[in-house]
$ cat data.pdb   # PDB, C-alpha atoms
ATOM      1  CA  MET A 209       0.000   0.000   0.000  1.00  0.00           C
ATOM      2  CA  LYS A 210       1.296   3.425  -0.913  1.00  0.00           C
ATOM      3  CA  THR A 211       1.859   5.761   2.004  1.00  0.00           C
ATOM      4  CA  ALA A 212       1.656   9.530   1.974  1.00  0.00           C
ATOM      5  CA  SER A 213       4.250  11.673   3.667  1.00  0.00           C
ATOM      6  CA  ILE A 214       4.398  15.453   3.837  1.00  0.00           C
ATOM      7  CA  ARG A 215       6.411  17.854   5.922  1.00  0.00           C
ATOM      8  CA  ARG A 216       5.013  19.527   9.031  1.00  0.00           C
ATOM      9  CA  ALA A 217       5.355  22.980   7.427  1.00  0.00           C
ATOM     10  CA  SER A 218       3.248  21.840   4.449  1.00  0.00           C
ATOM     11  CA  MET A 219       0.584  20.370   6.708  1.00  0.00           C
ATOM     12  CA  ASP A 220       0.506  23.532   8.821  1.00  0.00           C
ATOM     13  CA  ALA A 221       0.107  25.640   5.668  1.00  0.00           C
ATOM     14  CA  ILE A 222      -2.798  23.650   4.228  1.00  0.00           C
ATOM     15  CA  VAL A 223      -4.557  23.472   7.602  1.00  0.00           C
ATOM     16  CA  ALA A 224      -4.219  27.260   7.987  1.00  0.00           C
ATOM     17  CA  GLN A 225      -5.661  27.732   4.492  1.00  0.00           C
ATOM     18  CA  GLY A 226      -8.573  25.405   5.254  1.00  0.00           C
ATOM     19  CA  GLU A 227      -9.383  27.272   8.463  1.00  0.00           C
ATOM     20  CA  ARG A 228      -8.965  30.681   6.800  1.00  0.00           C
ATOM     21  CA  GLU A 229     -11.242  29.836   3.858  1.00  0.00           C
ATOM     22  CA  PHE A 230     -13.933  28.192   6.021  1.00  0.00           C
ATOM     23  CA  PRO A 231     -16.938  27.901   5.468  1.00  0.00           C
ATOM     24  CA  PHE A 232     -15.816  27.313   1.892  1.00  0.00           C
ATOM     25  CA  GLU A 233     -13.668  24.506   0.533  1.00  0.00           C
ATOM     26  CA  CYS A 234     -10.027  25.352  -0.029  1.00  0.00           C
ATOM     27  CA  CYS A 235      -7.853  23.629  -2.609  1.00  0.00           C
ATOM     28  CA  GLY A 236      -4.331  23.451  -3.917  1.00  0.00           C
ATOM     29  CA  PHE A 237      -1.236  21.395  -4.624  1.00  0.00           C
ATOM     30  CA  ILE A 238       1.940  20.315  -2.906  1.00  0.00           C
ATOM     31  CA  ILE A 239       4.843  20.050  -5.332  1.00  0.00           C
ATOM     32  CA  GLY A 240       8.400  18.897  -4.826  1.00  0.00           C
ATOM     33  CA  ASP A 241      11.051  16.218  -4.928  1.00  0.00           C
ATOM     34  CA  ASP A 242      13.341  14.616  -2.357  1.00  0.00           C
ATOM     35  CA  ALA A 243      14.954  17.977  -1.525  1.00  0.00           C
ATOM     36  CA  VAL A 244      12.084  20.467  -1.727  1.00  0.00           C
ATOM     37  CA  GLU A 245       8.380  20.509  -0.851  1.00  0.00           C
ATOM     38  CA  GLU A 246       6.212  23.567  -1.522  1.00  0.00           C
ATOM     39  CA  VAL A 247       2.516  24.319  -1.047  1.00  0.00           C
ATOM     40  CA  ARG A 248       0.672  26.027  -3.891  1.00  0.00           C
ATOM     41  CA  PRO A 249      -2.785  27.248  -2.804  1.00  0.00           C
ATOM     42  CA  ILE A 250      -5.224  27.642  -5.707  1.00  0.00           C
ATOM     43  CA  ALA A 251      -8.302  29.878  -5.668  1.00  0.00           C
ATOM     44  CA  ASN A 252     -11.602  28.014  -5.474  1.00  0.00           C
ATOM     45  CA  ILE A 253     -13.850  29.611  -8.116  1.00  0.00           C
ATOM     46  CA  GLN A 254     -16.886  27.424  -7.356  1.00  0.00           C
ATOM     47  CA  ASN A 255     -18.904  30.336  -5.885  1.00  0.00           C
ATOM     48  CA  ALA A 256     -18.289  32.489  -8.954  1.00  0.00           C
ATOM     49  CA  MET A 257     -19.261  29.693 -11.318  1.00  0.00           C
ATOM     50  CA  HIS A 258     -22.375  28.884  -9.279  1.00  0.00           C
ATOM     51  CA  ALA A 259     -23.436  32.561  -9.325  1.00  0.00           C
ATOM     52  CA  LYS A 260     -22.860  32.785 -13.077  1.00  0.00           C
ATOM     53  CA  ASP A 261     -24.550  29.502 -14.051  1.00  0.00           C
ATOM     54  CA  PRO A 262     -26.374  27.726 -11.212  1.00  0.00           C
ATOM     55  CA  ALA A 263     -27.814  25.109 -13.571  1.00  0.00           C
ATOM     56  CA  ALA A 264     -24.360  23.977 -14.715  1.00  0.00           C
ATOM     57  CA  PHE A 265     -22.802  24.514 -11.246  1.00  0.00           C
ATOM     58  CA  PRO A 266     -25.569  23.628  -8.754  1.00  0.00           C
ATOM     59  CA  ARG A 267     -23.234  23.471  -5.734  1.00  0.00           C
ATOM     60  CA  ASP A 268     -21.457  26.420  -4.155  1.00  0.00           C
ATOM     61  CA  ALA A 269     -18.041  26.437  -2.478  1.00  0.00           C
ATOM     62  CA  ARG A 270     -19.431  25.146   0.827  1.00  0.00           C
ATOM     63  CA  THR A 271     -19.692  21.690  -0.784  1.00  0.00           C
ATOM     64  CA  ALA A 272     -17.508  21.821  -3.897  1.00  0.00           C
ATOM     65  CA  PHE A 273     -14.324  23.239  -5.334  1.00  0.00           C
ATOM     66  CA  LEU A 274     -13.163  24.200  -8.777  1.00  0.00           C
ATOM     67  CA  MET A 275      -9.558  25.282  -9.125  1.00  0.00           C
ATOM     68  CA  GLU A 276      -8.970  28.534 -10.974  1.00  0.00           C
ATOM     69  CA  PRO A 277      -7.724  27.247 -14.369  1.00  0.00           C
ATOM     70  CA  LYS A 278      -4.893  29.750 -14.941  1.00  0.00           C
ATOM     71  CA  GLU A 279      -3.472  29.150 -11.452  1.00  0.00           C
ATOM     72  CA  HIS A 280      -3.801  25.387 -11.951  1.00  0.00           C
ATOM     73  CA  LEU A 281      -1.970  25.582 -15.282  1.00  0.00           C
ATOM     74  CA  ALA A 282       0.723  27.850 -13.828  1.00  0.00           C
ATOM     75  CA  VAL A 283       1.541  25.232 -11.170  1.00  0.00           C
ATOM     76  CA  MET A 284       1.633  22.450 -13.776  1.00  0.00           C
ATOM     77  CA  ASN A 285       4.003  24.557 -15.885  1.00  0.00           C
ATOM     78  CA  GLU A 286       6.170  25.221 -12.817  1.00  0.00           C
ATOM     79  CA  VAL A 287       6.312  21.487 -12.067  1.00  0.00           C
ATOM     80  CA  ASP A 288       7.483  20.817 -15.638  1.00  0.00           C
ATOM     81  CA  ARG A 289       9.935  23.732 -15.752  1.00  0.00           C
ATOM     82  CA  ARG A 290      11.541  22.868 -12.404  1.00  0.00           C
ATOM     83  CA  LYS A 291      11.362  19.098 -13.007  1.00  0.00           C
ATOM     84  CA  LEU A 292       9.395  18.534  -9.802  1.00  0.00           C
ATOM     85  CA  ALA A 293       6.527  16.172  -9.048  1.00  0.00           C
ATOM     86  CA  LEU A 294       2.913  16.934  -8.287  1.00  0.00           C
ATOM     87  CA  ARG A 295       3.015  15.219  -4.909  1.00  0.00           C
ATOM     88  CA  VAL A 296      -0.390  16.128  -3.439  1.00  0.00           C
ATOM     89  CA  VAL A 297      -3.745  17.531  -4.508  1.00  0.00           C
ATOM     90  CA  TYR A 298      -5.575  18.759  -1.417  1.00  0.00           C
ATOM     91  CA  HIS A 299      -8.912  20.251  -0.487  1.00  0.00           C
ATOM     92  CA  SER A 300     -11.107  20.706   2.553  1.00  0.00           C
ATOM     93  CA  HIS A 301     -14.572  19.532   3.537  1.00  0.00           C
ATOM     94  CA  PRO A 302     -16.155  22.262   5.701  1.00  0.00           C
ATOM     95  CA  ASP A 303     -18.290  20.728   8.467  1.00  0.00           C
ATOM     96  CA  HIS A 304     -17.965  17.277   6.909  1.00  0.00           C
ATOM     97  CA  ASP A 305     -15.668  14.312   7.374  1.00  0.00           C
ATOM     98  CA  ALA A 306     -12.356  13.770   5.576  1.00  0.00           C
ATOM     99  CA  TYR A 307     -13.407  11.262   2.921  1.00  0.00           C
ATOM    100  CA  PHE A 308     -12.947  10.838  -0.826  1.00  0.00           C
ATOM    101  CA  SER A 309     -16.362  11.532  -2.324  1.00  0.00           C
ATOM    102  CA  ALA A 310     -17.761  10.448  -5.683  1.00  0.00           C
ATOM    103  CA  THR A 311     -17.290  14.053  -6.838  1.00  0.00           C
ATOM    104  CA  ASP A 312     -13.655  13.981  -5.683  1.00  0.00           C
ATOM    105  CA  ARG A 313     -13.121  10.790  -7.699  1.00  0.00           C
ATOM    106  CA  ALA A 314     -14.786  12.258 -10.790  1.00  0.00           C
ATOM    107  CA  GLN A 315     -12.543  15.328 -10.591  1.00  0.00           C
ATOM    108  CA  ALA A 316      -9.444  13.182 -10.045  1.00  0.00           C
ATOM    109  CA  CYS A 317     -10.360  11.130 -13.138  1.00  0.00           C
ATOM    110  CA  SER A 318     -11.495  13.993 -15.354  1.00  0.00           C
ATOM    111  CA  PHE A 319      -9.957  12.744 -18.617  1.00  0.00           C
ATOM    112  CA  ASP A 320     -10.788   9.040 -18.232  1.00  0.00           C
ATOM    113  CA  PRO A 321     -13.293   7.845 -15.608  1.00  0.00           C
ATOM    114  CA  THR A 322     -11.346   4.600 -15.163  1.00  0.00           C
ATOM    115  CA  GLU A 323      -7.917   6.158 -14.535  1.00  0.00           C
ATOM    116  CA  PRO A 324      -6.734   9.151 -12.480  1.00  0.00           C
ATOM    117  CA  ASP A 325      -5.277  12.192 -14.207  1.00  0.00           C
ATOM    118  CA  TYR A 326      -2.281  11.986 -11.842  1.00  0.00           C
ATOM    119  CA  PRO A 327      -1.907   8.296 -10.849  1.00  0.00           C
ATOM    120  CA  ASP A 328       1.185   8.811  -8.663  1.00  0.00           C
ATOM    121  CA  THR A 329      -0.271  11.775  -6.776  1.00  0.00           C
ATOM    122  CA  VAL A 330      -1.772  11.507  -3.305  1.00  0.00           C
ATOM    123  CA  TYR A 331      -5.015  13.303  -2.511  1.00  0.00           C
ATOM    124  CA  ILE A 332      -5.449  14.799   0.957  1.00  0.00           C
ATOM    125  CA  VAL A 333      -8.880  15.761   2.245  1.00  0.00           C
ATOM    126  CA  MET A 334      -9.185  17.826   5.420  1.00  0.00           C
ATOM    127  CA  SER A 335     -12.206  17.981   7.682  1.00  0.00           C
ATOM    128  CA  ILE A 336     -12.657  21.541   8.954  1.00  0.00           C
ATOM    129  CA  ARG A 337     -15.428  21.739  11.552  1.00  0.00           C
ATOM    130  CA  ALA A 338     -16.711  25.082  12.878  1.00  0.00           C
ATOM    131  CA  GLY A 339     -13.622  26.714  11.371  1.00  0.00           C
ATOM    132  CA  LYS A 340     -11.101  24.428  13.088  1.00  0.00           C
ATOM    133  CA  PHE A 341      -9.086  21.539  11.671  1.00  0.00           C
ATOM    134  CA  ALA A 342     -10.506  18.178  12.780  1.00  0.00           C
ATOM    135  CA  ARG A 343      -8.743  15.512  10.707  1.00  0.00           C
ATOM    136  CA  ALA A 344      -6.932  14.845   7.455  1.00  0.00           C
ATOM    137  CA  ALA A 345      -7.022  11.692   5.372  1.00  0.00           C
ATOM    138  CA  ALA A 346      -4.883  10.691   2.401  1.00  0.00           C
ATOM    139  CA  PHE A 347      -6.037   8.706  -0.606  1.00  0.00           C
ATOM    140  CA  ALA A 348      -3.969   6.979  -3.275  1.00  0.00           C
ATOM    141  CA  TRP A 349      -4.922   5.197  -6.483  1.00  0.00           C
ATOM    142  CA  ASP A 350      -5.140   1.412  -6.191  1.00  0.00           C
ATOM    143  CA  SER A 351      -4.424   0.242  -9.755  1.00  0.00           C
ATOM    144  CA  GLU A 352      -5.668  -3.297  -9.096  1.00  0.00           C
ATOM    145  CA  LYS A 353      -9.030  -2.233  -7.666  1.00  0.00           C
ATOM    146  CA  LYS A 354      -9.253   0.801 -10.000  1.00  0.00           C
ATOM    147  CA  GLU A 355     -10.267   2.945  -7.063  1.00  0.00           C
ATOM    148  CA  PHE A 356      -8.899   5.450  -4.562  1.00  0.00           C
ATOM    149  CA  ALA A 357      -8.193   3.962  -1.145  1.00  0.00           C
ATOM    150  CA  GLU A 358      -7.340   5.621   2.126  1.00  0.00           C
ATOM    151  CA  THR A 359      -3.641   5.313   2.838  1.00  0.00           C
ATOM    152  CA  PRO A 360      -1.522   6.185   5.899  1.00  0.00           C
ATOM    153  CA  LEU A 361      -0.532   9.842   6.159  1.00  0.00           C
ATOM    154  CA  THR A 362       2.792  10.621   7.832  1.00  0.00           C
ATOM    155  CA  ILE A 363       3.678  14.173   8.893  1.00  0.00           C
ATOM    156  CA  SER A 364       7.450  14.590   9.281  1.00  0.00           C
TER     157      SER A 364
END

$ encode --input "data.pdb" --output "structure tokens"
Amino acid sequence: MKTASIRRASMDAIVAQGEREFPFECCGFIIGDDAVEEVRPIANIQNAMHAKDPAAFPRDARTAFLMEPKEHLAVMNEVDRRKLALRVVYHSHPDHDAYFSATDRAQACSFDPTEPDYPDTVYIVMSIRAGKFARAAAFAWDSEKKEFAETPLTIS
């Protein structure tokens, strides 16, 4: 089973973002390699999309996230340019548990519903309850089961 490991500073940064952006979902990436690990928060534009087209975007940012596309692309370009890895995709669940929902899976498999867009990337979901961090859980792709499974999360 794949395990997830991130540095304490990265965990502290994503928890702070989740608490700061409560009651809305936060989102972002952790990029790096063996020597470096950096958090890249991404704006959640779900509220704007919901306001603009509620039929196409029925949920607001209290229960969904949509990464701002230019920021998302900028991080992907940085990963390529610096020859780093996309180590973690993270988001929060305000006033809900830290679980990998059907929506999370659909977003993680946006190009092909049977395979993740980033098969070697870990997904971290944080439960933020009443504005305070409650728990984080990590999920990794199980290629045999063709599903995301919760995996141990180590903070070092």

$ closest_residue --input "data.pdb" --among "A:Val223, A:Ala316, A:Ile253, A:Val297" --to "Glu276 of chain A" --atoms "all atoms listed in the file"
A:Ile253

$ residues_around --input "data.pdb" --residues "Pro249 of chain A" --least-positions-apart "3" --cutoff "7 Å" --atoms "all atoms listed in the file" --output "PyMOL selection string"
chain A and resi 235-237

$ resolve_selection --input "data.pdb" --expression "the PyMOL selection byres ((chain A and resi 324-327) around 10)" --output "PyMOL selection string"
chain A and resi 294-297+313-323+328-331+348-351+354-356

$ residues_around --input "data.pdb" --residues "segment 280-288 of chain A" --least-positions-apart "6" --cutoff "8 Å" --atoms "all atoms listed in the file" --output "MDAnalysis selection string"
chainID A and resid 239:240 248 250 294

$ residues_around --input "data.pdb" --residues "segment 270-275 of chain A" --least-positions-apart "4" --cutoff "10 Å" --atoms "all atoms listed in the file" --output "PDB file with C-alpha atoms, in the frame of the given file"
ATOM      1  CA  GLU A 229     -11.242  29.836   3.858  1.00  0.00           C
ATOM      2  CA  PHE A 230     -13.933  28.192   6.021  1.00  0.00           C
ATOM      3  CA  PRO A 231     -16.938  27.901   5.468  1.00  0.00           C
ATOM      4  CA  PHE A 232     -15.816  27.313   1.892  1.00  0.00           C
ATOM      5  CA  GLU A 233     -13.668  24.506   0.533  1.00  0.00           C
ATOM      6  CA  CYS A 234     -10.027  25.352  -0.029  1.00  0.00           C
ATOM      7  CA  CYS A 235      -7.853  23.629  -2.609  1.00  0.00           C
ATOM      8  CA  GLY A 236      -4.331  23.451  -3.917  1.00  0.00           C
ATOM      9  CA  PRO A 249      -2.785  27.248  -2.804  1.00  0.00           C
ATOM     10  CA  ILE A 250      -5.224  27.642  -5.707  1.00  0.00           C
ATOM     11  CA  ALA A 251      -8.302  29.878  -5.668  1.00  0.00           C
ATOM     12  CA  ASN A 252     -11.602  28.014  -5.474  1.00  0.00           C
ATOM     13  CA  ILE A 253     -13.850  29.611  -8.116  1.00  0.00           C
ATOM     14  CA  GLN A 254     -16.886  27.424  -7.356  1.00  0.00           C
ATOM     15  CA  ASN A 255     -18.904  30.336  -5.885  1.00  0.00           C
ATOM     16  CA  ALA A 256     -18.289  32.489  -8.954  1.00  0.00           C
ATOM     17  CA  MET A 257     -19.261  29.693 -11.318  1.00  0.00           C
ATOM     18  CA  PHE A 265     -22.802  24.514 -11.246  1.00  0.00           C
ATOM     19  CA  PRO A 266     -25.569  23.628  -8.754  1.00  0.00           C
ATOM     20  CA  GLU A 279      -3.472  29.150 -11.452  1.00  0.00           C
ATOM     21  CA  HIS A 280      -3.801  25.387 -11.951  1.00  0.00           C
ATOM     22  CA  LEU A 281      -1.970  25.582 -15.282  1.00  0.00           C
ATOM     23  CA  HIS A 299      -8.912  20.251  -0.487  1.00  0.00           C
ATOM     24  CA  SER A 300     -11.107  20.706   2.553  1.00  0.00           C
ATOM     25  CA  HIS A 301     -14.572  19.532   3.537  1.00  0.00           C
ATOM     26  CA  PRO A 302     -16.155  22.262   5.701  1.00  0.00           C
ATOM     27  CA  ASP A 303     -18.290  20.728   8.467  1.00  0.00           C
ATOM     28  CA  HIS A 304     -17.965  17.277   6.909  1.00  0.00           C
ATOM     29  CA  THR A 311     -17.290  14.053  -6.838  1.00  0.00           C
ATOM     30  CA  ASP A 312     -13.655  13.981  -5.683  1.00  0.00           C
ATOM     31  CA  GLN A 315     -12.543  15.328 -10.591  1.00  0.00           C
TER      32      GLN A 315
END

$ decode --input "data.pdb" --residues "segment 333-347 of chain A" --atoms "all heavy atoms" --output "JSON list (two decimals), in the first residue's frame"
[["chain", "number", "residue", "atom", "x", "y", "z"],
["A", 333, "VAL", "N", -7.63, 15.08, 1.94],
["A", 333, "VAL", "CA", -8.88, 15.76, 2.24],
["A", 333, "VAL", "C", -8.86, 16.10, 3.73],
["A", 333, "VAL", "O", -8.57, 15.25, 4.57],
["A", 333, "VAL", "CB", -10.10, 14.87, 1.92],
["A", 333, "VAL", "CG1", -11.40, 15.62, 2.21],
["A", 333, "VAL", "CG2", -10.06, 14.41, 0.47],
["A", 334, "MET", "N", -9.17, 17.37, 4.03],
["A", 334, "MET", "CA", -9.18, 17.83, 5.42],
["A", 334, "MET", "C", -10.61, 18.09, 5.87],
["A", 334, "MET", "O", -11.37, 18.75, 5.15],
["A", 334, "MET", "CB", -8.39, 19.12, 5.58],
["A", 334, "MET", "CG", -6.92, 19.01, 5.27],
["A", 334, "MET", "SD", -6.11, 20.62, 5.39],
["A", 334, "MET", "CE", -6.81, 21.48, 3.97],
["A", 335, "SER", "N", -10.94, 17.63, 7.05],
["A", 335, "SER", "CA", -12.21, 17.98, 7.68],
["A", 335, "SER", "C", -11.96, 19.24, 8.51],
["A", 335, "SER", "O", -11.10, 19.24, 9.39],
["A", 335, "SER", "CB", -12.68, 16.84, 8.57],
["A", 335, "SER", "OG", -13.80, 17.23, 9.33],
["A", 336, "ILE", "N", -12.72, 20.29, 8.19],
["A", 336, "ILE", "CA", -12.66, 21.54, 8.95],
["A", 336, "ILE", "C", -14.03, 21.74, 9.57],
["A", 336, "ILE", "O", -15.01, 21.94, 8.84],
["A", 336, "ILE", "CB", -12.29, 22.75, 8.06],
["A", 336, "ILE", "CG1", -11.02, 22.50, 7.24],
["A", 336, "ILE", "CG2", -12.18, 24.03, 8.90],
["A", 336, "ILE", "CD1", -9.73, 22.41, 8.02],
["A", 337, "ARG", "N", -14.13, 21.64, 10.87],
["A", 337, "ARG", "CA", -15.43, 21.74, 11.55],
["A", 337, "ARG", "C", -15.48, 23.01, 12.40],
["A", 337, "ARG", "O", -14.57, 23.25, 13.20],
["A", 337, "ARG", "CB", -15.67, 20.51, 12.42],
["A", 337, "ARG", "CG", -15.84, 19.25, 11.56],
["A", 337, "ARG", "CD", -16.42, 18.12, 12.38],
["A", 337, "ARG", "NE", -16.70, 16.97, 11.55],
["A", 337, "ARG", "CZ", -17.86, 16.74, 10.94],
["A", 337, "ARG", "NH1", -18.85, 17.59, 11.06],
["A", 337, "ARG", "NH2", -18.02, 15.65, 10.22],
["A", 338, "ALA", "N", -16.54, 23.81, 12.16],
["A", 338, "ALA", "CA", -16.71, 25.08, 12.88],
["A", 338, "ALA", "C", -15.46, 25.95, 12.78],
["A", 338, "ALA", "O", -15.08, 26.64, 13.72],
["A", 338, "ALA", "CB", -17.11, 24.84, 14.33],
["A", 339, "GLY", "N", -14.79, 25.88, 11.62],
["A", 339, "GLY", "CA", -13.62, 26.71, 11.37],
["A", 339, "GLY", "C", -12.31, 26.19, 11.90],
["A", 339, "GLY", "O", -11.28, 26.85, 11.76],
["A", 340, "LYS", "N", -12.32, 24.99, 12.52],
["A", 340, "LYS", "CA", -11.10, 24.43, 13.09],
["A", 340, "LYS", "C", -10.81, 23.06, 12.47],
["A", 340, "LYS", "O", -11.71, 22.25, 12.27],
["A", 340, "LYS", "CB", -11.22, 24.28, 14.61],
["A", 340, "LYS", "CG", -11.31, 25.60, 15.35],
["A", 340, "LYS", "CD", -10.03, 26.38, 15.21],
["A", 340, "LYS", "CE", -10.12, 27.74, 15.86],
["A", 340, "LYS", "NZ", -9.07, 28.62, 15.42],
["A", 341, "PHE", "N", -9.53, 22.82, 12.23],
["A", 341, "PHE", "CA", -9.09, 21.54, 11.67],
["A", 341, "PHE", "C", -9.50, 20.40, 12.60],
["A", 341, "PHE", "O", -9.28, 20.46, 13.81],
["A", 341, "PHE", "CB", -7.56, 21.56, 11.51],
["A", 341, "PHE", "CG", -6.99, 20.23, 11.09],
["A", 341, "PHE", "CD1", -7.09, 19.79, 9.78],
["A", 341, "PHE", "CD2", -6.35, 19.42, 12.02],
["A", 341, "PHE", "CE1", -6.55, 18.57, 9.40],
["A", 341, "PHE", "CE2", -5.81, 18.20, 11.66],
["A", 341, "PHE", "CZ", -5.92, 17.77, 10.34],
["A", 342, "ALA", "N", -10.10, 19.35, 12.00],
["A", 342, "ALA", "CA", -10.51, 18.18, 12.78],
["A", 342, "ALA", "C", -9.65, 16.96, 12.43],
["A", 342, "ALA", "O", -9.18, 16.26, 13.32],
["A", 342, "ALA", "CB", -11.98, 17.87, 12.55],
["A", 343, "ARG", "N", -9.47, 16.72, 11.12],
["A", 343, "ARG", "CA", -8.74, 15.51, 10.71],
["A", 343, "ARG", "C", -8.38, 15.62, 9.25],
["A", 343, "ARG", "O", -9.07, 16.27, 8.47],
["A", 343, "ARG", "CB", -9.65, 14.31, 10.95],
["A", 343, "ARG", "CG", -9.21, 13.00, 10.37],
["A", 343, "ARG", "CD", -10.12, 11.86, 10.82],
["A", 343, "ARG", "NE", -10.70, 10.98, 9.85],
["A", 343, "ARG", "CZ", -10.12, 10.31, 8.88],
["A", 343, "ARG", "NH1", -8.86, 10.47, 8.63],
["A", 343, "ARG", "NH2", -10.79, 9.48, 8.11],
["A", 344, "ALA", "N", -7.31, 14.96, 8.87],
["A", 344, "ALA", "CA", -6.93, 14.85, 7.45],
["A", 344, "ALA", "C", -6.82, 13.37, 7.11],
["A", 344, "ALA", "O", -6.43, 12.55, 7.94],
["A", 344, "ALA", "CB", -5.60, 15.54, 7.19],
["A", 345, "ALA", "N", -7.16, 13.05, 5.87],
["A", 345, "ALA", "CA", -7.02, 11.69, 5.37],
["A", 345, "ALA", "C", -6.39, 11.76, 3.99],
["A", 345, "ALA", "O", -6.64, 12.68, 3.22],
["A", 345, "ALA", "CB", -8.38, 10.99, 5.31],
["A", 346, "ALA", "N", -5.56, 10.76, 3.70],
["A", 346, "ALA", "CA", -4.88, 10.69, 2.40],
["A", 346, "ALA", "C", -5.45, 9.52, 1.61],
["A", 346, "ALA", "O", -5.80, 8.48, 2.17],
["A", 346, "ALA", "CB", -3.38, 10.51, 2.60],
["A", 347, "PHE", "N", -5.50, 9.72, 0.29],
["A", 347, "PHE", "CA", -6.04, 8.71, -0.61],
["A", 347, "PHE", "C", -5.10, 8.55, -1.79],
["A", 347, "PHE", "O", -4.62, 9.53, -2.35],
["A", 347, "PHE", "CB", -7.44, 9.11, -1.08],
["A", 347, "PHE", "CG", -8.38, 9.31, 0.06],
["A", 347, "PHE", "CD1", -8.47, 10.53, 0.72],
["A", 347, "PHE", "CD2", -9.15, 8.26, 0.54],
["A", 347, "PHE", "CE1", -9.31, 10.71, 1.80],
["A", 347, "PHE", "CE2", -9.99, 8.42, 1.63],
["A", 347, "PHE", "CZ", -10.07, 9.65, 2.26]]
